[in-house]
Amino acid sequence: MNSNHLAATIAKKIIILIISVLVLSMITFAMSRLAPGDPLVSYYGDRVERMSPEEHANAIERLGLDGPMTQQYADWFKAALQGDYGISFKYKQPVMTVISGRLINTLLLGGTGFILTFLFALLIAVLCAFREGSLMDRIICKVGTITSCIPEFWLALVLILLFSVTWHLLPSSGAYALGEAGNLGSRLEHLILPLAVVVLSHLWYYAYMLRNKLLEEIRQEYVLLSRAKGLSRRSVMWKHCVRNLMPTMISIMAISINHILGGTYIVEMVFSYPGIGTLSFESAKYHDYNMLMILVIITGIIVIAGNMLGEIVSERIDRRMGSTERLEDLIERDKSEEVKHHA
């Protein structure tokens, strides 16, 4: 029964995902074409100014920008279903060819930042909860409150000023040095500053959230029972409290995907890091319609799927908690009936 319910829930989420992406594609398509600017400039450059009216009309027709907007969308959607996402106006290459070269960079930066953020957040949460109310706990909470309000672009500029301009220790832009795409050391060196900004911009917020959740877990009755049985505080923390915190942490991680992904896009633009974020900014700036459509859809799928995953995990947690509450009610009812029987 539970497996059938889970399958039905997943199927429902998939349908909602498809509808959401479809609506998102329509909105993006309409907004991109209603925005001011000439998309031919992205493809032809300065030659557009020297085109005759006939040449301009032929260029628009060649790029599929003629006709009503609804017909343009229908043509694009039909081609997209067949795996043809069009040509990038700026790069003169198939859209997916350009994206595939940038996607790995974003996954490397955003994925590593995502993992490190929650790994360090959990460690800080345990440390603060273990020493609740201490000077260290208060300092960490204050520092977290301040740093969580610092914008990513400002922090990135400060780190560039210090480590690149003043001290000349780390590169300020790019994913690797010129001609060293296959050099792992160069990639890691260029990843340090962007990764530091991604982690520091989100670390304290989630660490503070996990700390509060962990403190709620510490105050549960089973912790007192475990301590009464002679278990050490450290053992109870790691073997019971942190373990019981994992479902909640997974739910928070799923919901936070859009938060960290948005921060990653901003960091990419500041550091000129060749990823999906920088590509999205360029496609919007140069009216690269085909590129912008796919980038928005990819980002939308990641964000919507992450939120749905968080909802599914939360529902499973709530169902488990509800079952526990019902079990406690049954135990209390049995106890009362037993007391009445003896009376």
# chains A, B, ... in the order shown; residues from 1 in each chain; ligands from 1
>>> select_by_dssp(residues="segment 141-203 of chain A", states="alpha helix (DSSP H)", output="VMD selection string")
chain A and resid 141 to 147 152 to 159 184 to 203
>>> residues_around(residues="Asp288 of chain A", least_positions_apart="3", cutoff="9 Å", atoms="only C-alpha atoms", output="ChimeraX atom specification")
/A:32,39,42-43,88-90,282-285,291-293
>>> atom_distance(atom1="atom CA of Ile10 of chain A", atom2="atom CA of Ile298 of chain A")
19.7 Å
>>> closest_residue(among="A:Leu184, A:Val303, A:Leu155, A:Ile257", to="Val270 of chain A", atoms="only C-alpha atoms")
A:Leu155
>>> closest_residue(among="A:Ala57, A:Leu214, A:Val158, A:Ile104", to="Met249 of chain A", atoms="only C-alpha atoms")
A:Leu214
>>> atom_distance(atom1="atom CA of Pro36 of chain A", atom2="atom CA of Met69 of chain A")
15.1 Å
>>> residues_around(residues="segment 136-151 of chain A", least_positions_apart="5", cutoff="8 Å", atoms="only C-alpha atoms", output="list in words")
Leu127, Cys128, Ala129, Arg131, Leu200, Ser201, His202, Leu203, Trp204, Tyr205 and Tyr208 of chain A
>>> closest_residue(among="A:Val197, A:Leu63, A:Ile312, A:Met209", to="Gly113 of chain A", atoms="only C-alpha atoms")
A:Val197
>>> residues_around(residues="segment 235-245 of chain A", least_positions_apart="2", cutoff="8 Å", atoms="only C-alpha atoms", output="PDB file with C-alpha atoms, in the first residue's frame")
ATOM      1  CA  VAL A 126      26.825  19.674  16.144  1.00  0.00           C
ATOM      2  CA  PHE A 130      27.120  20.291  21.939  1.00  0.00           C
ATOM      3  CA  LYS A 213      16.718  21.394  14.706  1.00  0.00           C
ATOM      4  CA  LEU A 214      19.418  19.487  16.543  1.00  0.00           C
ATOM      5  CA  GLU A 217      16.168  16.657  19.024  1.00  0.00           C
ATOM      6  CA  ILE A 218      18.448  16.867  22.069  1.00  0.00           C
ATOM      7  CA  VAL A 223      17.964  11.459  25.044  1.00  0.00           C
ATOM      8  CA  SER A 226      19.876   7.151  26.902  1.00  0.00           C
ATOM      9  CA  ARG A 227      21.878   9.313  29.290  1.00  0.00           C
ATOM     10  CA  LEU A 231      25.643   6.450  27.375  1.00  0.00           C
ATOM     11  CA  SER A 232      28.044   9.345  26.966  1.00  0.00           C
ATOM     12  CA  ARG A 233      26.828  12.673  25.669  1.00  0.00           C
ATOM     13  CA  PRO A 247      15.632  12.981   7.244  1.00  0.00           C
ATOM     14  CA  THR A 248      15.077  16.638   8.111  1.00  0.00           C
ATOM     15  CA  MET A 249      18.489  17.547   6.737  1.00  0.00           C
TER      16      MET A 249
END
>>> closest_atom_pairs(of="segment 34-139 of chain A", to="segment 174-178 of chain A", cutoff="12 Å", atoms="only C-alpha atoms", output="JSON lines")
{"residue": "A:Gly101", "atom": "CA", "partner": "A:Ala175", "partner_atom": "CA", "distance": 11.8}
{"residue": "A:Arg102", "atom": "CA", "partner": "A:Ala175", "partner_atom": "CA", "distance": 10.1}
{"residue": "A:Ile104", "atom": "CA", "partner": "A:Ala175", "partner_atom": "CA", "distance": 10.9}
{"residue": "A:Asn105", "atom": "CA", "partner": "A:Ala175", "partner_atom": "CA", "distance": 7.5}
{"residue": "A:Thr106", "atom": "CA", "partner": "A:Ala175", "partner_atom": "CA", "distance": 10.1}
{"residue": "A:Leu108", "atom": "CA", "partner": "A:Ala175", "partner_atom": "CA", "distance": 10.4}
{"residue": "A:Leu109", "atom": "CA", "partner": "A:Ala175", "partner_atom": "CA", "distance": 9.8}
>>> write_last_selection(atoms="N, CA and C atoms", output="CSV table (one decimal), in the first residue's frame")
chain,number,residue,atom,x,y,z
A,101,GLY,N,29.5,22.1,-23.0
A,101,GLY,CA,30.9,22.5,-22.6
A,101,GLY,C,30.9,23.3,-21.4
A,102,ARG,N,29.8,23.9,-21.0
A,102,ARG,CA,29.7,24.8,-19.8
A,102,ARG,C,29.1,24.0,-18.6
A,104,ILE,N,29.5,21.1,-17.2
A,104,ILE,CA,30.3,20.4,-16.3
A,104,ILE,C,31.0,21.4,-15.3
A,105,ASN,N,31.3,22.6,-15.8
A,105,ASN,CA,31.9,23.6,-14.9
A,105,ASN,C,30.9,24.0,-13.8
A,106,THR,N,29.6,24.2,-14.2
A,106,THR,CA,28.6,24.6,-13.2
A,106,THR,C,28.4,23.4,-12.2
A,108,LEU,N,30.5,21.2,-11.3
A,108,LEU,CA,31.7,21.1,-10.5
A,108,LEU,C,31.6,22.1,-9.4
A,109,LEU,N,31.3,23.4,-9.8
A,109,LEU,CA,31.3,24.5,-8.8
A,109,LEU,C,30.1,24.3,-7.9
>>> residues_around(residues="Gly277 of chain A", least_positions_apart="2", cutoff="10 Å", atoms="only C-alpha atoms", output="list in words")
Arg102, Leu103, Thr106, Leu261, Gly262, Gly263, Thr264, Tyr265, Ile266, Val267, Glu268, Met269, Ser272, Tyr273, Pro274, Gly275, Leu279, Ser280, Phe281, Glu282, Ser283, Leu295 and Thr299 of chain A
>>> closest_residue(among="A:Val313, A:Met253, A:Ala156, A:Ile115", to="Ile192 of chain A", atoms="only C-alpha atoms")
A:Ala156
>>> residues_around(residues="Ile304 of chain A", least_positions_apart="4", cutoff="12 Å", atoms="only C-alpha atoms", output="PyMOL selection string")
chain A and resi 13-21+24+254-259+296-300+308-311
>>> write_last_selection(atoms="N, CA and C atoms", output="CSV table (one decimal), in the first residue's frame")
chain,number,residue,atom,x,y,z
A,13,LYS,N,3.8,14.0,-9.2
A,13,LYS,CA,4.9,15.1,-9.2
A,13,LYS,C,5.4,15.2,-10.6
A,14,ILE,N,5.6,14.1,-11.3
A,14,ILE,CA,6.2,14.1,-12.7
A,14,ILE,C,5.2,14.9,-13.6
A,15,ILE,N,3.9,14.7,-13.5
A,15,ILE,CA,2.9,15.4,-14.3
A,15,ILE,C,3.0,16.9,-14.0
A,16,ILE,N,3.1,17.2,-12.7
A,16,ILE,CA,3.2,18.6,-12.4
A,16,ILE,C,4.4,19.2,-12.9
A,17,LEU,N,5.5,18.5,-12.9
A,17,LEU,CA,6.8,19.0,-13.4
A,17,LEU,C,6.7,19.3,-14.9
A,18,ILE,N,6.1,18.4,-15.6
A,18,ILE,CA,5.9,18.6,-17.1
A,18,ILE,C,5.1,19.8,-17.4
A,19,ILE,N,4.0,19.9,-16.7
A,19,ILE,CA,3.1,21.1,-16.9
A,19,ILE,C,3.8,22.4,-16.5
A,20,SER,N,4.6,22.4,-15.4
A,20,SER,CA,5.3,23.6,-15.0
A,20,SER,C,6.4,24.0,-16.0
A,21,VAL,N,7.1,23.0,-16.5
A,21,VAL,CA,8.1,23.3,-17.5
A,21,VAL,C,7.5,23.8,-18.8
A,24,LEU,N,6.5,27.3,-18.1
A,24,LEU,CA,7.8,28.1,-18.0
A,24,LEU,C,8.3,28.4,-19.4
A,254,ALA,N,17.1,19.4,-0.2
A,254,ALA,CA,16.4,19.3,-1.4
A,254,ALA,C,15.7,20.7,-1.7
A,255,ILE,N,15.2,21.3,-0.7
A,255,ILE,CA,14.6,22.6,-0.9
A,255,ILE,C,15.6,23.7,-1.2
A,256,SER,N,16.8,23.5,-0.7
A,256,SER,CA,17.8,24.6,-0.8
A,256,SER,C,18.5,24.6,-2.2
A,257,ILE,N,18.2,23.7,-3.1
A,257,ILE,CA,18.8,23.6,-4.4
A,257,ILE,C,18.7,24.9,-5.1
A,258,ASN,N,17.5,25.5,-5.2
A,258,ASN,CA,17.3,26.8,-5.9
A,258,ASN,C,18.1,27.9,-5.3
A,259,HIS,N,18.2,27.9,-4.0
A,259,HIS,CA,19.0,28.9,-3.3
A,259,HIS,C,20.5,28.9,-3.6
A,296,VAL,N,16.9,28.3,-19.3
A,296,VAL,CA,15.8,28.5,-18.4
A,296,VAL,C,15.1,27.2,-18.1
A,297,ILE,N,14.9,26.4,-19.1
A,297,ILE,CA,14.2,25.1,-18.9
A,297,ILE,C,15.1,24.2,-18.0
A,298,ILE,N,16.4,24.1,-18.3
A,298,ILE,CA,17.2,23.3,-17.5
A,298,ILE,C,17.2,23.7,-16.0
A,299,THR,N,17.4,25.0,-15.8
A,299,THR,CA,17.4,25.6,-14.5
A,299,THR,C,16.0,25.3,-13.8
A,300,GLY,N,14.9,25.5,-14.6
A,300,GLY,CA,13.6,25.3,-14.0
A,300,GLY,C,13.4,23.8,-13.6
A,308,MET,N,10.2,19.5,-5.4
A,308,MET,CA,9.3,18.3,-5.3
A,308,MET,C,9.9,17.2,-4.5
A,309,LEU,N,11.2,17.0,-4.6
A,309,LEU,CA,11.9,16.0,-3.8
A,309,LEU,C,11.8,16.3,-2.4
A,310,GLY,N,12.0,17.6,-2.1
A,310,GLY,CA,11.8,18.0,-0.7
A,310,GLY,C,10.5,17.8,-0.1
A,311,GLU,N,9.4,18.0,-1.0
A,311,GLU,CA,8.1,17.8,-0.5
A,311,GLU,C,7.8,16.3,-0.3
>>> atom_distance(atom1="atom CA of Thr112 of chain A", atom2="atom CA of Leu195 of chain A")
7.7 Å
